[in-house]
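The block underneath contains the structure these notes are about, expressed in structure tokens.
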Amino acid sequence: MRVNITVNGRPYEADDVWEGESLLYVLRERMGLPGSKNACEQGECGSCTVRLDGVPVCACLVAAGQAEGREVVTVEGLADHARQRSAKPAGAVCPGEPEAGHPGKPEVGGLVEPETGRPGEPDTARRAEPGTGRPVGPDVARPVEPGLGHPGEPETARPRRPGSSRPGQVVAPLAPVQQAFIDAGAVQCGFCTPGLLVAADELLERTPDPSDADIREALSGNLCRCTGYEKILDAVRLAAARTGKAV
Amino acid sequence: MDFLRPAGWEEALAAKAEHPTAVPIAGGTDVMVEINFDHRRPEYLLDLTRVAELAEWEATDRTVRLGAGVPYTRIIEELRAELPGLALAAHTVGSPQIRNRGTVGGNLGAASPAGDAHPALLAAGAEVEAASMRGTRRIPVEEFFTGVKRHALEPDELIRAVHIQKADGPQQFSKVGTRNAMVIAVCAFAVALHPRTRTVRTGIGSAAPTPVRAHEAEEFLGAALEEGGFWDSGAPLDPSTARRFAELCAGACRPIDDVRGSAAYRRHAVGVMARRTLGWTWEAYREGDGRTAQCA
């Protein structure tokens, strides 16, 4: 069957999708977006966490056909998503809005504006994390040129390395939560990182100043076998503190 | 495999009538696991997420009609006052990602003895609204579970909603597992005090082929509370009463040994949970929660 999904603000169409296929498989194998990781395939590990109409879900447990016509944000689109959110006028994001992002309420929970900040547009906001003096951190995968990113084109998912000087290359800035993971040393093998980033970013969208209990609960569906979680918790606190300061 | 995507309820019923083997899928948190692991290759998947009415709930005087597709997250956030036991149980389901997708309709459809919603539904008192092209019927939740992962639905029927009695007293839910998230219950227990009818109801999960009520324990405690004038006096419960209640709850179990725990452990743990949750609910009743605040 054919499935149409808006992923990271950009419409995708996938053909010959098997009816029992998961959204995760479609993202990774058909759309060239391998940021969402495939591990347990039973919703235990959270490494495939994406936003579906704004709601964090395990992409391995969403049937591809259920995502038809829906909006998906993956780790590849997290930086854009965070930038659009911070670009909104104060109050527009409604972080405390309890209804935000629930299934059945896509108009509230979407928070995605496909018309702005599309992947593929020249990036005007090169990352410059104040205070760190660092150049661009390891980037997440994202299509950078219009025309790339067709289903099945692996180029779309090629990570852009910091410091490389390919002409015309534009490097995406990181979302605050991504930068915080790097700065706090919350990434070891990195396999769980994409899922944790999506879950943590959604927490901070909902609860900009989370308690430790909030953080633990929000990340309770994401397994990490390297870090022991402490540095991940540090990273979320750091992202919250930085975001709070910026506002 | 075919993927059926009805846009409305009538269309969903027609699809199920035409393809009785179709497997309904809502949050996918059970069905997709079976497909991912090749444990199941249904001929048809019947996606119910486009049927908007299934994701709605409405409260009437005495009951909440909970659409089969309302995810656990919304039960926790929106129905804590009306359905405190179910909201507690919902909070122990999987993880935020799972609770954002999983539904009580799906829990019932899977009919696992370990389903977290089931003990809470049994304790609160609930009826499953089952519908087909032939009509609609209500199945008391006690009669819904017919065996391990088996239920009373006919092949052409779909679960449309669950009618759950609003709490008229304190309710509790307790679950044993190896950690606090992502846990299939080793065993679970729910209790609801019903001061309006002066009854107590229970639900036991994962300790019998189906979720069950501990009828004998309910009758014993109901009689003890009535005869001792406890509903009116709000006096502390006699420890021997709580102990006997716990024994009867443990006695209502018909558990098995499996990878999650032994039968003996499950029986013991259900007794412990019964005694504790009774203590918590009775304290709440004595403090007035049961007589005022929770009658919302």
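Following the order of the structure tokens, first chain is A, next is B, and so on, with residues numbered from 1 inside each chain and ligands from 1 in the order they appear.
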
Backbone DSSP call of alpha helix (DSSP H) for stretch 173-270 of chain B, listed as a ChimeraX atom specification = /B:215-227,230-233,239-251,263-270

Okay, now the selection with C-alpha atoms, as a compact mmCIF listing (two decimals), in the first residue's frame?
```
# COMPACT_ATOMS: atom_id res chain seq x y z
CA HIS B 215 -16.21 -12.69 45.85
CA GLU B 216 -15.86 -14.41 49.21
CA ALA B 217 -13.51 -11.70 50.47
CA GLU B 218 -15.92 -9.00 49.28
CA GLU B 219 -18.84 -10.64 51.06
CA PHE B 220 -16.87 -11.20 54.24
CA LEU B 221 -15.68 -7.60 54.42
CA GLY B 222 -19.06 -6.18 53.42
CA ALA B 223 -20.71 -8.12 56.23
CA ALA B 224 -18.01 -7.19 58.74
CA LEU B 225 -18.29 -3.49 57.92
CA GLU B 226 -22.08 -3.58 58.03
CA GLU B 227 -22.42 -5.55 61.24
CA PHE B 230 -18.11 0.80 60.39
CA TRP B 231 -19.64 2.69 57.46
CA ASP B 232 -21.30 5.08 59.91
CA SER B 233 -18.68 5.19 62.64
CA PRO B 239 -6.46 -6.09 62.11
CA SER B 240 -8.01 -9.55 62.20
CA THR B 241 -10.67 -8.37 59.74
CA ALA B 242 -8.02 -7.08 57.35
CA ARG B 243 -6.08 -10.29 57.76
CA ARG B 244 -9.09 -12.46 56.99
CA PHE B 245 -9.90 -10.29 53.97
CA ALA B 246 -6.32 -10.78 52.73
CA GLU B 247 -6.53 -14.56 53.21
CA LEU B 248 -9.75 -14.75 51.26
CA CYS B 249 -8.30 -12.65 48.44
CA ALA B 250 -5.26 -14.93 48.28
CA GLY B 251 -7.64 -17.87 48.30
CA ALA B 263 2.13 -19.58 42.11
CA ALA B 264 2.92 -19.51 45.82
CA TYR B 265 4.52 -16.08 45.53
CA ARG B 266 1.59 -14.69 43.60
CA ARG B 267 -0.89 -15.98 46.15
CA HIS B 268 1.15 -14.51 48.98
CA ALA B 269 1.65 -11.17 47.21
CA VAL B 270 -2.05 -10.81 46.43
```

Identify every residue of chain B that has at least one atom within 10 Å of any atom of chain A, counting only C-alpha atoms, and report the result as a ChimeraX atom specification.
-> /B:1-5,25-38,40-45,47-56,69-71,73-74,77-78,94-101,180-183

How would the residues just picked look written out with C-alpha atoms as a short mmCIF file (atom, residue, chain, number, x, y, z; two decimals), in the first residue's frame?
```cif
data_model
loop_
_atom_site.label_atom_id
_atom_site.label_comp_id
_atom_site.auth_asym_id
_atom_site.auth_seq_id
_atom_site.Cartn_x
_atom_site.Cartn_y
_atom_site.Cartn_z
CA MET B 1 -2.54 -8.81 4.61
CA ASP B 2 -5.03 -6.01 4.10
CA PHE B 3 -5.13 -2.79 6.02
CA LEU B 4 -8.67 -1.55 6.62
CA ARG B 5 -9.06 2.07 7.67
CA ILE B 25 -5.73 -2.32 16.10
CA ALA B 26 -5.83 0.86 18.18
CA GLY B 27 -2.62 1.82 19.99
CA GLY B 28 -0.87 -1.20 18.57
CA THR B 29 1.04 -1.84 21.77
CA ASP B 30 -0.01 -5.50 21.80
CA VAL B 31 -0.93 -6.20 18.18
CA MET B 32 2.24 -4.74 16.65
CA VAL B 33 4.45 -6.73 19.02
CA GLU B 34 2.83 -9.92 17.76
CA ILE B 35 3.29 -8.84 14.15
CA ASN B 36 6.88 -7.65 14.67
CA PHE B 37 7.79 -11.01 16.17
CA ASP B 38 5.91 -12.97 13.54
CA ARG B 40 0.65 -13.39 14.22
CA ARG B 41 -0.11 -12.74 10.57
CA PRO B 42 -3.69 -11.53 10.49
CA GLU B 43 -5.41 -11.53 7.15
CA TYR B 44 -6.80 -8.09 7.89
CA LEU B 45 -5.78 -5.31 10.23
CA ASP B 47 -7.30 0.31 12.18
CA LEU B 48 -9.65 2.03 14.61
CA THR B 49 -7.58 5.17 15.20
CA ARG B 50 -9.51 7.11 12.59
CA VAL B 51 -12.83 6.56 14.33
CA ALA B 52 -12.85 9.81 16.27
CA GLU B 53 -15.70 8.95 18.62
CA LEU B 54 -13.71 6.08 20.12
CA ALA B 55 -11.25 8.56 21.61
CA GLU B 56 -13.94 10.40 23.57
CA GLY B 69 -9.79 4.27 22.08
CA VAL B 70 -9.06 6.76 24.86
CA PRO B 71 -5.35 6.37 25.64
CA THR B 73 -2.45 9.12 29.37
CA ARG B 74 -5.78 10.88 29.06
CA GLU B 77 -4.96 13.29 33.32
CA GLU B 78 -8.68 13.69 32.81
CA GLY B 94 4.36 0.43 30.37
CA SER B 95 5.94 3.83 29.87
CA PRO B 96 4.82 7.29 28.72
CA GLN B 97 5.17 6.16 25.11
CA ILE B 98 2.98 3.12 25.74
CA ARG B 99 0.44 5.07 27.79
CA ASN B 100 0.16 7.60 24.97
CA ARG B 101 -1.00 4.85 22.63
CA ASN B 180 8.53 0.66 38.37
CA ALA B 181 8.19 1.02 34.61
CA MET B 182 7.78 -1.30 31.65
CA VAL B 183 6.52 -4.14 33.79
#
```

Check the smallest atom-to-atom distance from each of B:Thr210, B:Thr60, B:Gln172, B:Thr202 to B:Trp282 using only C-alpha atoms, then report the winner.
-> B:Gln172

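Each of B:Arg137, B:His194, B:Lys175, B:Arg160 was checked against B:Trp57 using only C-alpha atoms; the smallest atom-to-atom distance is that of B:Arg160.
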
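Nearest residue to A:Val3, choosing from A:Gly69, A:Gly77, A:Pro208, A:Gly195 and counting only C-alpha atoms: A:Gly69.
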
So which residues of stretch 9-236 of chain B fall under strand (DSSP E or B) by DSSP, listed as a PyMOL selection string?
-> chain B and resi 23-25+44-47+57-59+63-67+71+103+126-132+135-140+145-147+150-151+158-165+171-176+187-194+199-205+212
